[in-house]
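Peer 1: Starting off with a structure, shown below.
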Amino acid sequence: MKTAASAERGFTLAQYLTCLIGIVRREALRFLHQRERFISALVRPLVWLFIFAAGFRQTLGVSIIPPYETYVLYEVYIAPGLIAMIQLFNGMQSSLTMVYDRETGGIRTLLVSPFPRAWLLASKLLAGTLVSILQVYAFLLIAWFWDIEAPPVGYFLIIPALLVSGMMLGSLGMLISSVIRQLENFAGVMNFVIFPMFFASSALYPLWRIKESSLPLYDICQVNPFTHATELIRFALYGQIDWAALAIVVAFGFLFMTGAILAYDPARGLLPRRGQAAG
Amino acid sequence: MTEFALRDAALEIVDACYSYGKRAALTGVTFSVAPASFCVLLGLNGAGKSTLFALITRLFTTRSGRIRIFGHDVAREPGQALRRLGVVFQSRALDLDISVRENLLYHAALHGIAPRKADVAINKSLDRVALADRLRDRVGELSGGQMRRVEIARALLHEPKLLLLDEPTVGLDIRARAAILGTVRALTAQGVAALWATHLVDEVAESDQVVVLHRGAVLGLGQAARIVAETGASDIRGAFAKLVGDEESLEGAA
């Protein structure tokens, strides 16, 4: 254990890593013990892929647009959007976990750690993102059997894209968790955050098609960070980098994470205003 | 409680105030806890005990006043202060689906203790609460009292010299309550100071240091026997009733 002298100094890099690995390990263990969470995380995009995409295959043709070099089936087009959806739901699931932890006291265990709060929250976000990447690869494996194949290199290049988009969407979830008073309010998140973000994006239809039908909706899609997360993943899956999408996702990620860290800061944040301490 | 120099205090709270909007939760709370002592924070539900704990653990920040843990200001040096502090919260914060060891490993990581050293610390910590034989068991298989002891072991894992326990015996039967209380009292002999928050008067011993908190203010402070004498009551229950001025509300505190 630490000596009194070392306790006077700050933590070492190794201790920061120990903290990070501990948080990731706990998130992974939690995920493995919640099999229903894993299954539901997989079933959701698969329903879209097997039912929705199959049904709309004939009506929603997709012309040649980057990064695709040929006409693609609708299933192929929406696969990156469904990957982003996995991360969106995972980010919101993490926020749900934080609200639950706050109600049961689990989040306090994390927040009373002597490490800087920004580090603790960033570690938790990274842990959630890594869990979402596991889900994404399970989805890609099933999609591969459904003849949705990306170039082999895409399966590696997608990892950094997933890290960036996962952190951004997780930060959004964390920010939302700081303003949700009770677990029951989470239905509102579905209606006011998840569904609008998913539908007003390029996940289900290309932006040029949206532009043709509604210019205001196109503008909304353009400012929706989920659109850019989807495009970042789409291009990465085909071995390319969409720099504009990357810049926008990083910027939104920074914004959301700063907001989340401030929200969980006891001096400035939202948690203390709730009056949750009862005794 | 004031016989030692404040700079040596395990916990020093000076004029701490806190409010939820316009509702004052704590007003001018001042007291200190000596190293290796057992101090009871006694108050009815809603007295402000949990708010005070949230301030000490930096979940909330004091709007005014000062809180120091072994001389380290919680607001200015949170890392140094929290390193010296172990906490058992009122609501249980263990993951029921994983083993005792995994729960404790997580806590060790939150204090930067590497897994190999953590295993040594876990064994030692579980020994202190007489649960070493339950290391590999899933937490969900333990009784309520055993879970509480795991939480105490967790709070002791990084070897803090100050332990905060917020209503740790709530929901436990008489035997489990006595066991938990005995375990924590024994820790003071090992150099650990404990601040034990409760609304149960029968958990107070005559020799204990007591802080009576009511509606966010400290109404009584000192050794239990002295508070009894000062209020002219026959026992601590009577003294508490006189201080808070509400006999009926004490029914739940017996």
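By order of appearance in the structure tokens: chains A, B, ..., then residues from 1 within every chain, and ligands from 1 in the order shown.
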Select from chain B every residue with an atom at most 8 Å from any atom of chain A, then for each give the shortest pair of atoms and their distance in Å to one decimal, using only C-alpha atoms, rows by chain and rising number, as a tab-separated table.
Peer 2:
```
residue	atom	partner	partner_atom	distance
B:Tyr20	CA	A:Gly275	CA	5.8
B:Gly21	CA	A:Arg273	CA	7.3
B:Leu44	CA	A:Gly279	CA	7.6
B:Asn45	CA	A:Gly279	CA	5.0
B:Gly46	CA	A:Gly279	CA	4.6
B:Ala47	CA	A:Gly279	CA	6.0
B:Gly48	CA	A:Gly279	CA	5.4
B:Lys49	CA	A:Gly279	CA	5.0
B:Ser50	CA	A:Gly279	CA	4.5
B:Thr51	CA	A:Ala277	CA	5.1
B:Ala54	CA	A:Ala277	CA	7.2
B:Thr57	CA	A:Val112	CA	6.0
B:Arg58	CA	A:Pro266	CA	6.6
B:Leu59	CA	A:Pro266	CA	5.6
B:Phe60	CA	A:Pro266	CA	4.8
B:Thr61	CA	A:Ala267	CA	5.3
B:Pro78	CA	A:Pro114	CA	6.7
B:Gly79	CA	A:Pro114	CA	4.2
B:Gln80	CA	A:Pro114	CA	7.0
B:Ala81	CA	A:Pro114	CA	7.7
B:Leu82	CA	A:Pro114	CA	5.1
B:Arg83	CA	A:Pro114	CA	5.6
B:Phe89	CA	A:Gly105	CA	7.1
B:Gln90	CA	A:Gly105	CA	8.0
B:Ser91	CA	A:Gly105	CA	5.6
B:Arg92	CA	A:Gly105	CA	6.4
B:Ala93	CA	A:Gly106	CA	4.5
B:Leu94	CA	A:Gly106	CA	7.0
B:Asp97	CA	A:His33	CA	6.7
B:Ile98	CA	A:Leu29	CA	7.7
B:Glu102	CA	A:Arg26	CA	8.0
B:Leu105	CA	A:Gly22	CA	7.3
B:Tyr106	CA	A:Gly22	CA	5.4
B:His107	CA	A:Thr109	CA	7.8
B:Ala109	CA	A:Cys19	CA	4.5
B:Leu110	CA	A:Cys19	CA	5.1
B:His111	CA	A:Ser113	CA	6.2
B:Gly112	CA	A:Gln15	CA	4.3
B:Ile113	CA	A:Gln15	CA	6.7
B:Ala114	CA	A:Thr18	CA	5.8
B:Lys117	CA	A:Met1	CA	6.6
B:Ala121	CA	A:Met1	CA	7.8
B:His158	CA	A:Met1	CA	7.7
```
Peer 1: Excluding same-chain residues fewer than 3 positions from B:Thr30, what lies within 7 Å of it counting only C-alpha atoms, as an MDAnalysis selection string?
Peer 2: chainID B and resid 13:16
Peer 1: List the spatial neighbours of stretch 89-95 of chain A as a list of chain:residue names - criterion: any atom at most 9 Å away, only C-alpha atoms, same-chain residues fewer than 5 positions off excluded.
Peer 2: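 Using only C-alpha atoms, the neighbours found are A:Ala41, A:Ala84, A:Tyr100, A:Lys124, A:Leu125, A:Gly128, A:Thr129, A:Val131, A:Ser132, A:Gly166, A:Met167, A:Met168, A:Leu169, A:Gly170, A:Ser171, A:Leu172, A:Gly173, A:Met174, A:Leu175, A:Ile176, A:Ser177, A:Ser178, A:Val189, A:Met190, A:Ile194.
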Peer 1: Grab the residues selected above and save them as a CSV table (one decimal), in the first residue's frame with N, CA and C atoms.
Peer 2:
```csv
chain,number,residue,atom,x,y,z
A,41,ALA,N,-29.6,-5.3,-26.9
A,41,ALA,CA,-28.7,-4.4,-27.6
A,41,ALA,C,-28.5,-4.9,-29.0
A,84,ALA,N,-24.2,3.0,-35.4
A,84,ALA,CA,-24.3,4.3,-34.6
A,84,ALA,C,-25.5,4.2,-33.6
A,100,TYR,N,-29.7,5.2,-12.2
A,100,TYR,CA,-30.0,4.1,-11.2
A,100,TYR,C,-29.0,4.1,-10.1
A,124,LYS,N,-15.2,6.3,-17.0
A,124,LYS,CA,-16.5,5.6,-17.1
A,124,LYS,C,-17.1,5.7,-18.6
A,125,LEU,N,-16.8,6.8,-19.2
A,125,LEU,CA,-17.3,6.9,-20.6
A,125,LEU,C,-16.5,6.0,-21.5
A,128,GLY,N,-17.9,2.5,-21.0
A,128,GLY,CA,-19.1,2.3,-21.7
A,128,GLY,C,-18.9,2.2,-23.2
A,129,THR,N,-18.0,3.0,-23.8
A,129,THR,CA,-17.7,2.9,-25.2
A,129,THR,C,-17.1,1.6,-25.6
A,131,VAL,N,-17.6,-1.3,-24.2
A,131,VAL,CA,-18.7,-2.2,-24.1
A,131,VAL,C,-19.6,-2.1,-25.4
A,132,SER,N,-19.8,-0.9,-25.9
A,132,SER,CA,-20.6,-0.7,-27.1
A,132,SER,C,-19.8,-1.3,-28.3
A,166,GLY,N,-18.5,6.8,-29.9
A,166,GLY,CA,-19.0,6.3,-28.6
A,166,GLY,C,-18.8,7.2,-27.5
A,167,MET,N,-17.6,7.8,-27.4
A,167,MET,CA,-17.3,8.8,-26.4
A,167,MET,C,-18.3,10.0,-26.5
A,168,MET,N,-18.5,10.4,-27.7
A,168,MET,CA,-19.4,11.6,-27.9
A,168,MET,C,-20.8,11.3,-27.4
A,169,LEU,N,-21.3,10.1,-27.9
A,169,LEU,CA,-22.7,9.8,-27.5
A,169,LEU,C,-22.8,9.4,-26.0
A,170,GLY,N,-21.7,8.8,-25.5
A,170,GLY,CA,-21.7,8.5,-24.1
A,170,GLY,C,-21.7,9.8,-23.2
A,171,SER,N,-21.0,10.8,-23.7
A,171,SER,CA,-20.9,12.1,-23.0
A,171,SER,C,-22.3,12.7,-23.0
A,172,LEU,N,-23.0,12.6,-24.1
A,172,LEU,CA,-24.3,13.2,-24.2
A,172,LEU,C,-25.2,12.4,-23.2
A,173,GLY,N,-25.1,11.1,-23.1
A,173,GLY,CA,-25.9,10.4,-22.1
A,173,GLY,C,-25.6,10.8,-20.7
A,174,MET,N,-24.3,11.0,-20.4
A,174,MET,CA,-23.9,11.4,-19.1
A,174,MET,C,-24.4,12.8,-18.7
A,175,LEU,N,-24.4,13.6,-19.7
A,175,LEU,CA,-24.9,15.0,-19.5
A,175,LEU,C,-26.4,14.9,-19.2
A,176,ILE,N,-27.1,14.1,-20.0
A,176,ILE,CA,-28.5,13.9,-19.7
A,176,ILE,C,-28.8,13.3,-18.4
A,177,SER,N,-27.9,12.3,-17.9
A,177,SER,CA,-28.2,11.7,-16.6
A,177,SER,C,-28.1,12.7,-15.5
A,178,SER,N,-27.3,13.8,-15.7
A,178,SER,CA,-27.1,14.8,-14.7
A,178,SER,C,-28.4,15.6,-14.5
A,189,VAL,N,-36.5,10.7,-22.4
A,189,VAL,CA,-35.2,10.7,-23.1
A,189,VAL,C,-35.4,9.9,-24.5
A,190,MET,N,-36.2,8.9,-24.4
A,190,MET,CA,-36.5,8.1,-25.6
A,190,MET,C,-37.2,9.0,-26.6
A,194,ILE,N,-33.5,10.2,-28.1
A,194,ILE,CA,-33.1,9.1,-29.0
A,194,ILE,C,-33.8,9.1,-30.3
```
Peer 1: As number ranges by chain, please: every residue in stretch 91-183 of chain A that a backbone DSSP assignment puts in alpha helix (DSSP H).
Peer 2: A: 91-104, 106-111, 117-145, 154-179
Peer 1: Between atom CA of A:Ile86 and atom CA of A:Leu140, what is the distance in Å, rounded to a tenth?
Peer 2: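 Computing it gives 11.3 Å between the two atoms.
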Peer 1: A:Leu130, A:Leu163, A:Met98, A:Val179: which is nearest A:Gly259, counting only C-alpha atoms?
Peer 2: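 Closest residue, counting only C-alpha atoms: A:Val179.
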Peer 1: Pick out the residues sitting within 10 Å of B:Leu157, and hand them over as a PDB file with C-alpha atoms, in the first residue's frame; count only C-alpha atoms, and ignore anything fewer than 3 positions along from it in its own chain.
Peer 2:
```pdb
ATOM      1  CA  MET A   1       0.000   0.000   0.000  1.00  0.00           C
TER       2      MET A   1
ATOM      3  CA  GLY B  86     -13.601   5.716   4.077  1.00  0.00           C
ATOM      4  CA  LEU B 104     -13.546  -4.785  -3.499  1.00  0.00           C
ATOM      5  CA  LEU B 105     -11.150  -4.867  -6.455  1.00  0.00           C
ATOM      6  CA  HIS B 107     -12.981  -0.003  -4.955  1.00  0.00           C
ATOM      7  CA  ALA B 108      -9.232  -0.652  -4.751  1.00  0.00           C
ATOM      8  CA  HIS B 111      -7.949   4.373  -4.965  1.00  0.00           C
ATOM      9  CA  ILE B 113      -4.292   0.186  -5.689  1.00  0.00           C
ATOM     10  CA  ALA B 118      -5.327  -5.047  -3.693  1.00  0.00           C
ATOM     11  CA  ASP B 119      -5.662  -8.772  -3.022  1.00  0.00           C
ATOM     12  CA  VAL B 120      -3.501  -8.430   0.087  1.00  0.00           C
ATOM     13  CA  ALA B 121      -5.512  -5.409   1.210  1.00  0.00           C
ATOM     14  CA  ILE B 122      -8.807  -7.208   0.528  1.00  0.00           C
ATOM     15  CA  ASN B 123      -7.848 -10.185   2.678  1.00  0.00           C
ATOM     16  CA  LYS B 124      -6.737  -7.912   5.487  1.00  0.00           C
ATOM     17  CA  SER B 125      -9.837  -5.781   5.229  1.00  0.00           C
ATOM     18  CA  LEU B 126     -12.222  -8.760   5.196  1.00  0.00           C
ATOM     19  CA  GLU B 151     -19.215  -2.244   2.746  1.00  0.00           C
ATOM     20  CA  ILE B 152     -17.200  -1.521   5.884  1.00  0.00           C
ATOM     21  CA  ALA B 153     -14.376  -3.713   4.546  1.00  0.00           C
ATOM     22  CA  ARG B 154     -14.558  -1.769   1.319  1.00  0.00           C
ATOM     23  CA  PRO B 160      -8.208   5.451   5.884  1.00  0.00           C
TER      24      PRO B 160
END
```
Peer 1: Measuring between only C-alpha atoms, which one of B:Val204, B:Gly145, B:Leu219, B:Ile236 shows the shortest distance to B:Arg175?
Peer 2: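 Closest to B:Arg175 of all the choices is B:Gly145.
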Peer 1: Select, from A:Met85, A:Leu42, A:Leu217, A:Leu237, the residue with the minimum atom-to-atom distance to A:Pro66, counting only C-alpha atoms.
Peer 2: A:Leu237
Peer 1: Choose the residue, out of A:Ser201, A:Ser123, A:Thr97, A:Thr70, that has the smallest atom-to-atom separation from A:Cys221; count only C-alpha atoms.
Peer 2: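 Closest to A:Cys221 of all the choices is A:Ser201.
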Peer 1: Using atom CA of A:Leu73 and atom CA of A:Gly55 as the two end points, give the distance in Å to one decimal.
Peer 2: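 Going from atom CA of A:Leu73 over to atom CA of A:Gly55 covers 11.9 Å.
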Peer 1: In Å to one decimal, how far is atom CA of B:Arg76 from atom CA of B:Glu167?
Peer 2: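 Interatomic distance, atom CA of B:Glu167 to atom CA of B:Arg76: 27.6 Å.
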Peer 1: I'd like the contact shell of B:Gln146 - 12 Å cut-off, only C-alpha atoms, skipping same-chain residues fewer than 6 positions apart - returned as a count of residues only.
Peer 2: 27
Peer 1: Please extract the residues of stretch 6-48 of chain B with a backbone DSSP assignment of strand (DSSP E or B) and present them as a ChimeraX atom specification.
Peer 2: /B:11-20,23-33,38-42
Peer 1: Write the selection just made, keeping N, CA and C atoms, as a PDB file, in the first residue's frame?
Peer 2:
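Output below, filename part05.pdb:
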```pdb
ATOM      1  N   LEU B  11     -11.421  14.976  11.779  1.00  0.00           N
ATOM      2  CA  LEU B  11     -12.422  15.742  11.010  1.00  0.00           C
ATOM      3  C   LEU B  11     -12.690  17.049  11.740  1.00  0.00           C
ATOM      4  N   GLU B  12     -12.640  18.120  11.000  1.00  0.00           N
ATOM      5  CA  GLU B  12     -12.912  19.426  11.589  1.00  0.00           C
ATOM      6  C   GLU B  12     -13.942  20.142  10.715  1.00  0.00           C
ATOM      7  N   ILE B  13     -15.074  20.460  11.296  1.00  0.00           N
ATOM      8  CA  ILE B  13     -16.121  21.165  10.546  1.00  0.00           C
ATOM      9  C   ILE B  13     -16.356  22.500  11.246  1.00  0.00           C
ATOM     10  N   VAL B  14     -16.219  23.576  10.486  1.00  0.00           N
ATOM     11  CA  VAL B  14     -16.384  24.902  11.081  1.00  0.00           C
ATOM     12  C   VAL B  14     -17.433  25.681  10.306  1.00  0.00           C
ATOM     13  N   ASP B  15     -18.525  25.993  10.984  1.00  0.00           N
ATOM     14  CA  ASP B  15     -19.571  26.869  10.447  1.00  0.00           C
ATOM     15  C   ASP B  15     -20.078  26.426   9.074  1.00  0.00           C
ATOM     16  N   ALA B  16     -20.296  25.129   8.902  1.00  0.00           N
ATOM     17  CA  ALA B  16     -20.773  24.618   7.607  1.00  0.00           C
ATOM     18  C   ALA B  16     -22.251  24.939   7.413  1.00  0.00           C
ATOM     19  N   CYS B  17     -22.562  25.493   6.274  1.00  0.00           N
ATOM     20  CA  CYS B  17     -23.954  25.832   5.941  1.00  0.00           C
ATOM     21  C   CYS B  17     -24.290  25.227   4.580  1.00  0.00           C
ATOM     22  N   TYR B  18     -25.540  24.865   4.416  1.00  0.00           N
ATOM     23  CA  TYR B  18     -25.985  24.385   3.104  1.00  0.00           C
ATOM     24  C   TYR B  18     -27.489  24.556   2.988  1.00  0.00           C
ATOM     25  N   SER B  19     -27.931  24.890   1.803  1.00  0.00           N
ATOM     26  CA  SER B  19     -29.385  25.016   1.595  1.00  0.00           C
ATOM     27  C   SER B  19     -29.755  24.456   0.233  1.00  0.00           C
ATOM     28  N   TYR B  20     -30.977  23.910   0.173  1.00  0.00           N
ATOM     29  CA  TYR B  20     -31.551  23.461  -1.094  1.00  0.00           C
ATOM     30  C   TYR B  20     -32.485  24.568  -1.542  1.00  0.00           C
ATOM     31  N   ARG B  23     -34.528  26.542   1.140  1.00  0.00           N
ATOM     32  CA  ARG B  23     -34.664  25.732   2.366  1.00  0.00           C
ATOM     33  C   ARG B  23     -33.287  25.420   2.947  1.00  0.00           C
ATOM     34  N   ALA B  24     -33.068  25.928   4.139  1.00  0.00           N
ATOM     35  CA  ALA B  24     -31.776  25.690   4.790  1.00  0.00           C
ATOM     36  C   ALA B  24     -31.719  24.261   5.310  1.00  0.00           C
ATOM     37  N   ALA B  25     -30.671  23.539   4.931  1.00  0.00           N
ATOM     38  CA  ALA B  25     -30.505  22.157   5.393  1.00  0.00           C
ATOM     39  C   ALA B  25     -29.514  22.092   6.546  1.00  0.00           C
ATOM     40  N   LEU B  26     -28.508  22.936   6.507  1.00  0.00           N
ATOM     41  CA  LEU B  26     -27.503  22.997   7.577  1.00  0.00           C
ATOM     42  C   LEU B  26     -27.188  24.463   7.864  1.00  0.00           C
ATOM     43  N   THR B  27     -27.140  24.806   9.137  1.00  0.00           N
ATOM     44  CA  THR B  27     -26.800  26.190   9.483  1.00  0.00           C
ATOM     45  C   THR B  27     -25.718  26.200  10.568  1.00  0.00           C
ATOM     46  N   GLY B  28     -24.583  26.727  10.233  1.00  0.00           N
ATOM     47  CA  GLY B  28     -23.499  26.926  11.189  1.00  0.00           C
ATOM     48  C   GLY B  28     -23.064  25.686  11.945  1.00  0.00           C
ATOM     49  N   VAL B  29     -22.946  24.581  11.261  1.00  0.00           N
ATOM     50  CA  VAL B  29     -22.548  23.329  11.930  1.00  0.00           C
ATOM     51  C   VAL B  29     -21.042  23.367  12.235  1.00  0.00           C
ATOM     52  N   THR B  30     -20.722  23.220  13.489  1.00  0.00           N
ATOM     53  CA  THR B  30     -19.320  23.238  13.913  1.00  0.00           C
ATOM     54  C   THR B  30     -19.075  22.116  14.923  1.00  0.00           C
ATOM     55  N   PHE B  31     -18.164  21.244  14.595  1.00  0.00           N
ATOM     56  CA  PHE B  31     -17.699  20.247  15.564  1.00  0.00           C
ATOM     57  C   PHE B  31     -16.465  19.562  15.002  1.00  0.00           C
ATOM     58  N   SER B  32     -15.811  18.770  15.808  1.00  0.00           N
ATOM     59  CA  SER B  32     -14.639  18.051  15.316  1.00  0.00           C
ATOM     60  C   SER B  32     -14.631  16.639  15.890  1.00  0.00           C
ATOM     61  N   VAL B  33     -13.906  15.782  15.217  1.00  0.00           N
ATOM     62  CA  VAL B  33     -13.786  14.387  15.655  1.00  0.00           C
ATOM     63  C   VAL B  33     -12.298  14.098  15.885  1.00  0.00           C
ATOM     64  N   PHE B  38     -14.678   7.371  18.607  1.00  0.00           N
ATOM     65  CA  PHE B  38     -15.983   6.999  18.058  1.00  0.00           C
ATOM     66  C   PHE B  38     -16.949   8.136  18.357  1.00  0.00           C
ATOM     67  N   CYS B  39     -17.475   8.729  17.320  1.00  0.00           N
ATOM     68  CA  CYS B  39     -18.366   9.879  17.504  1.00  0.00           C
ATOM     69  C   CYS B  39     -19.712   9.576  16.843  1.00  0.00           C
ATOM     70  N   VAL B  40     -20.794   9.823  17.572  1.00  0.00           N
ATOM     71  CA  VAL B  40     -22.133   9.557  17.043  1.00  0.00           C
ATOM     72  C   VAL B  40     -22.767  10.877  16.590  1.00  0.00           C
ATOM     73  N   LEU B  41     -23.198  10.891  15.346  1.00  0.00           N
ATOM     74  CA  LEU B  41     -23.958  12.039  14.842  1.00  0.00           C
ATOM     75  C   LEU B  41     -25.424  11.643  14.957  1.00  0.00           C
ATOM     76  N   LEU B  42     -26.086  12.161  15.976  1.00  0.00           N
ATOM     77  CA  LEU B  42     -27.436  11.714  16.312  1.00  0.00           C
ATOM     78  C   LEU B  42     -28.474  12.728  15.827  1.00  0.00           C
TER      79      LEU B  42
END
```
